[in-house]
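The next block holds one structure in the form of structure tokens; read it before the comments.
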Amino acid sequence: MKHLIAPSMLAADWTKLREATDLVNTSDADWYHLDVMDGRFVPNISFGMFLIQQIKSLATKPLDVHLMIVEPEKYIERFHEAGADVITVHYEACPHLHRTIQQIKATGAKAGVALNPHTPVTVLEDVLEDIDLALLMSVNPGFGGQKFIYKTIPRIQKLKDLITVQNTKTLIEIDGGVGLQNAEKCLQAGADVLVAGSSVFKAKDPRKAIEQLKAVGKDIPRLV
Ligand code: DX5
Ligand code: ZN
């Protein structure tokens with residue numbers, strides 16, 4: 001499968017939201033990545049279902065909603081109603097992860113689980129067959145524009161191996177500091193979806209930046 005590109009709207013200029021959505025709609029991007037932060041799970045506050053609903057009304061591509069919030073189970077249905085097509089919760093925020101995954105799937109949305117950089121990928125072993133997406137944070141969550149943590153590359157390989165052994169269809173999404181300088185390495189290691197905030201919206205030509213990320217490593221074989 002050709003990899004997917006999910007521009008993170010956190011880095012967009014929200015005073016020109018329609019321009020940003022027109023750009024994503026007509027670009028090579030596949031999904032919208034929307035970062036919900038609560039000031040508790042992460043030390044930053046972004047936006048919630050109200051703004052997601054506004055984006056939904058402008059978007060012609062799926063909304064990939066990344067919940068960096070405590071007790072996400074309280075809001076799953078409302079995020080789905082607001083327009084989320086993929087809902088990703090953090091492993092670290094979910095004591096009853098299996099139940100929360102089922103709750104997401106019951107809404108009809110695709111279910112994702114995200115891991116912070118320090119959380120071993122093996123914690124997903126027993127839920128891999130239940131989830132559509134595994135998101136590996138390649139920065140500490142909470143802010144856009146941070147530096148990519150290179151330890152993520154062997155983590156992608158390890159997770160890909162678990163997925164291969166179990167023969168599940170789980171997609172691997174990489175989030176944080178992704179750009180042309182590391183995209184190929186992520187893909188070679190086994191990534192399927194690349195989130196890109198700053199490398200797209202802070203670029204001189206965001207459309208071109210998306211195009212270039214989409215064109216990286218056409219059919220490259222895995223390193224291992
Ligand atoms: C970080 C968010 C990321 C972030 C990506 O907490 O989950 O999605 O917005 O932005 P860049 O690509 O600038 O690191
Ligand atoms: Zn994110």
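Ligands are numbered from 1 in the order shown, residues from 1 within each chain, and chains are lettered A, B, ... in the order they appear in the structure tokens.
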Using only C-alpha atoms and all ligand atoms, what table do you get, as JSON lines, when you list each residue of chain A with an atom no more than 10 Å from ligand 1, its nearest pair of atoms, and their distance in Å rounded to one decimal, rows by chain then rising number?
{"residue": "A:Ala6", "atom": "CA", "partner": "ligand 1", "partner_atom_place_in_ligand_line": "8 (O)", "distance": 9.1}
{"residue": "A:Pro7", "atom": "CA", "partner": "ligand 1", "partner_atom_place_in_ligand_line": "12 (O)", "distance": 7.8}
{"residue": "A:Ser8", "atom": "CA", "partner": "ligand 1", "partner_atom_place_in_ligand_line": "9 (O)", "distance": 5.3}
{"residue": "A:Met9", "atom": "CA", "partner": "ligand 1", "partner_atom_place_in_ligand_line": "9 (O)", "distance": 7.2}
{"residue": "A:Leu10", "atom": "CA", "partner": "ligand 1", "partner_atom_place_in_ligand_line": "9 (O)", "distance": 5.3}
{"residue": "A:Ala11", "atom": "CA", "partner": "ligand 1", "partner_atom_place_in_ligand_line": "13 (O)", "distance": 6.3}
{"residue": "A:Ala12", "atom": "CA", "partner": "ligand 1", "partner_atom_place_in_ligand_line": "9 (O)", "distance": 9.7}
{"residue": "A:His33", "atom": "CA", "partner": "ligand 1", "partner_atom_place_in_ligand_line": "8 (O)", "distance": 6.8}
{"residue": "A:Leu34", "atom": "CA", "partner": "ligand 1", "partner_atom_place_in_ligand_line": "8 (O)", "distance": 7.1}
{"residue": "A:Asp35", "atom": "CA", "partner": "ligand 1", "partner_atom_place_in_ligand_line": "7 (O)", "distance": 5.5}
{"residue": "A:Val36", "atom": "CA", "partner": "ligand 1", "partner_atom_place_in_ligand_line": "7 (O)", "distance": 8.2}
{"residue": "A:Met37", "atom": "CA", "partner": "ligand 1", "partner_atom_place_in_ligand_line": "6 (O)", "distance": 7.9}
{"residue": "A:Val42", "atom": "CA", "partner": "ligand 1", "partner_atom_place_in_ligand_line": "6 (O)", "distance": 7.9}
{"residue": "A:Pro43", "atom": "CA", "partner": "ligand 1", "partner_atom_place_in_ligand_line": "6 (O)", "distance": 9.7}
{"residue": "A:Asn44", "atom": "CA", "partner": "ligand 1", "partner_atom_place_in_ligand_line": "6 (O)", "distance": 8.8}
{"residue": "A:Ser46", "atom": "CA", "partner": "ligand 1", "partner_atom_place_in_ligand_line": "6 (O)", "distance": 9.9}
{"residue": "A:Val65", "atom": "CA", "partner": "ligand 1", "partner_atom_place_in_ligand_line": "8 (O)", "distance": 9.5}
{"residue": "A:His66", "atom": "CA", "partner": "ligand 1", "partner_atom_place_in_ligand_line": "7 (O)", "distance": 6.7}
{"residue": "A:Leu67", "atom": "CA", "partner": "ligand 1", "partner_atom_place_in_ligand_line": "7 (O)", "distance": 8.5}
{"residue": "A:Met68", "atom": "CA", "partner": "ligand 1", "partner_atom_place_in_ligand_line": "6 (O)", "distance": 7.5}
{"residue": "A:Ala114", "atom": "CA", "partner": "ligand 1", "partner_atom_place_in_ligand_line": "7 (O)", "distance": 9.5}
{"residue": "A:Asn116", "atom": "CA", "partner": "ligand 1", "partner_atom_place_in_ligand_line": "6 (O)", "distance": 9.7}
{"residue": "A:Leu135", "atom": "CA", "partner": "ligand 1", "partner_atom_place_in_ligand_line": "7 (O)", "distance": 9.5}
{"residue": "A:Leu136", "atom": "CA", "partner": "ligand 1", "partner_atom_place_in_ligand_line": "7 (O)", "distance": 9.7}
{"residue": "A:Met137", "atom": "CA", "partner": "ligand 1", "partner_atom_place_in_ligand_line": "7 (O)", "distance": 7.2}
{"residue": "A:Ser138", "atom": "CA", "partner": "ligand 1", "partner_atom_place_in_ligand_line": "14 (O)", "distance": 8.2}
{"residue": "A:Val139", "atom": "CA", "partner": "ligand 1", "partner_atom_place_in_ligand_line": "1 (C)", "distance": 6.8}
{"residue": "A:Asn140", "atom": "CA", "partner": "ligand 1", "partner_atom_place_in_ligand_line": "6 (O)", "distance": 6.5}
{"residue": "A:Pro141", "atom": "CA", "partner": "ligand 1", "partner_atom_place_in_ligand_line": "6 (O)", "distance": 3.4}
{"residue": "A:Gly142", "atom": "CA", "partner": "ligand 1", "partner_atom_place_in_ligand_line": "6 (O)", "distance": 3.8}
{"residue": "A:Phe143", "atom": "CA", "partner": "ligand 1", "partner_atom_place_in_ligand_line": "6 (O)", "distance": 4.6}
{"residue": "A:Gly144", "atom": "CA", "partner": "ligand 1", "partner_atom_place_in_ligand_line": "10 (O)", "distance": 3.7}
{"residue": "A:Gly145", "atom": "CA", "partner": "ligand 1", "partner_atom_place_in_ligand_line": "13 (O)", "distance": 3.6}
{"residue": "A:Gln146", "atom": "CA", "partner": "ligand 1", "partner_atom_place_in_ligand_line": "14 (O)", "distance": 5.2}
{"residue": "A:Lys147", "atom": "CA", "partner": "ligand 1", "partner_atom_place_in_ligand_line": "14 (O)", "distance": 7.1}
{"residue": "A:Phe148", "atom": "CA", "partner": "ligand 1", "partner_atom_place_in_ligand_line": "14 (O)", "distance": 7.5}
{"residue": "A:Ile174", "atom": "CA", "partner": "ligand 1", "partner_atom_place_in_ligand_line": "8 (O)", "distance": 8.8}
{"residue": "A:Asp175", "atom": "CA", "partner": "ligand 1", "partner_atom_place_in_ligand_line": "8 (O)", "distance": 5.3}
{"residue": "A:Gly176", "atom": "CA", "partner": "ligand 1", "partner_atom_place_in_ligand_line": "14 (O)", "distance": 3.6}
{"residue": "A:Gly177", "atom": "CA", "partner": "ligand 1", "partner_atom_place_in_ligand_line": "14 (O)", "distance": 3.7}
{"residue": "A:Val178", "atom": "CA", "partner": "ligand 1", "partner_atom_place_in_ligand_line": "12 (O)", "distance": 5.4}
{"residue": "A:Gly179", "atom": "CA", "partner": "ligand 1", "partner_atom_place_in_ligand_line": "12 (O)", "distance": 7.4}
{"residue": "A:Leu194", "atom": "CA", "partner": "ligand 1", "partner_atom_place_in_ligand_line": "12 (O)", "distance": 9.1}
{"residue": "A:Val195", "atom": "CA", "partner": "ligand 1", "partner_atom_place_in_ligand_line": "8 (O)", "distance": 6.3}
{"residue": "A:Ala196", "atom": "CA", "partner": "ligand 1", "partner_atom_place_in_ligand_line": "12 (O)", "distance": 4.0}
{"residue": "A:Gly197", "atom": "CA", "partner": "ligand 1", "partner_atom_place_in_ligand_line": "12 (O)", "distance": 3.4}
{"residue": "A:Ser198", "atom": "CA", "partner": "ligand 1", "partner_atom_place_in_ligand_line": "13 (O)", "distance": 3.7}
{"residue": "A:Ser199", "atom": "CA", "partner": "ligand 1", "partner_atom_place_in_ligand_line": "12 (O)", "distance": 6.0}
{"residue": "A:Val200", "atom": "CA", "partner": "ligand 1", "partner_atom_place_in_ligand_line": "12 (O)", "distance": 7.7}
{"residue": "A:Phe201", "atom": "CA", "partner": "ligand 1", "partner_atom_place_in_ligand_line": "13 (O)", "distance": 8.5}
{"residue": "A:Lys202", "atom": "CA", "partner": "ligand 1", "partner_atom_place_in_ligand_line": "13 (O)", "distance": 8.6}
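Looking only at segment 160-223 of chain A, the set that DSSP places in helix (DSSP H, G or I) from backbone geometry is Lys160, Asp161, Leu162, Ile163, Thr164, Val165, Gln166, Ala183, Glu184, Lys185, Cys186, Leu187, Gln188, Ala189, Ser198, Ser199, Val200, Phe201, Pro206, Arg207, Lys208, Ala209, Ile210, Glu211, Gln212, Leu213, Lys214 and Ala215 of chain A.
Closest approach to ligand 2 among A:Gly217, A:Pro206, A:Pro72, A:Gly112: A:Gly112, based on only C-alpha atoms and all ligand atoms.
Atom CA of Val123 of chain A is positioned 12.4 Å from atom CA of Pro95 of chain A.
Proximity of A:Leu162, A:Leu63, A:Ile156, A:Ile210 to Ala191 of chain A, computed with only C-alpha atoms, is greatest for A:Ile156.
Ranking A:Ile101, A:Ala84, A:Leu17, A:Ala29 by their shortest atom-to-atom distance to Leu58 of chain A, with only C-alpha atoms included, puts A:Leu17 first.
Atom CA of His80 of chain A is positioned 19.9 Å from atom CA of Ile45 of chain A.
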Exercise. Would you work out the distance separating atom CA of Tyr32 of chain A from atom CA of Ala59 of chain A, expressed in Å to one decimal?
Key: 8.1 Å
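Counting only C-alpha atoms, the residue from A:Val70, A:Asp28, A:Phe41, A:Lys169 that sits nearest to Lys208 of chain A is A:Asp28.
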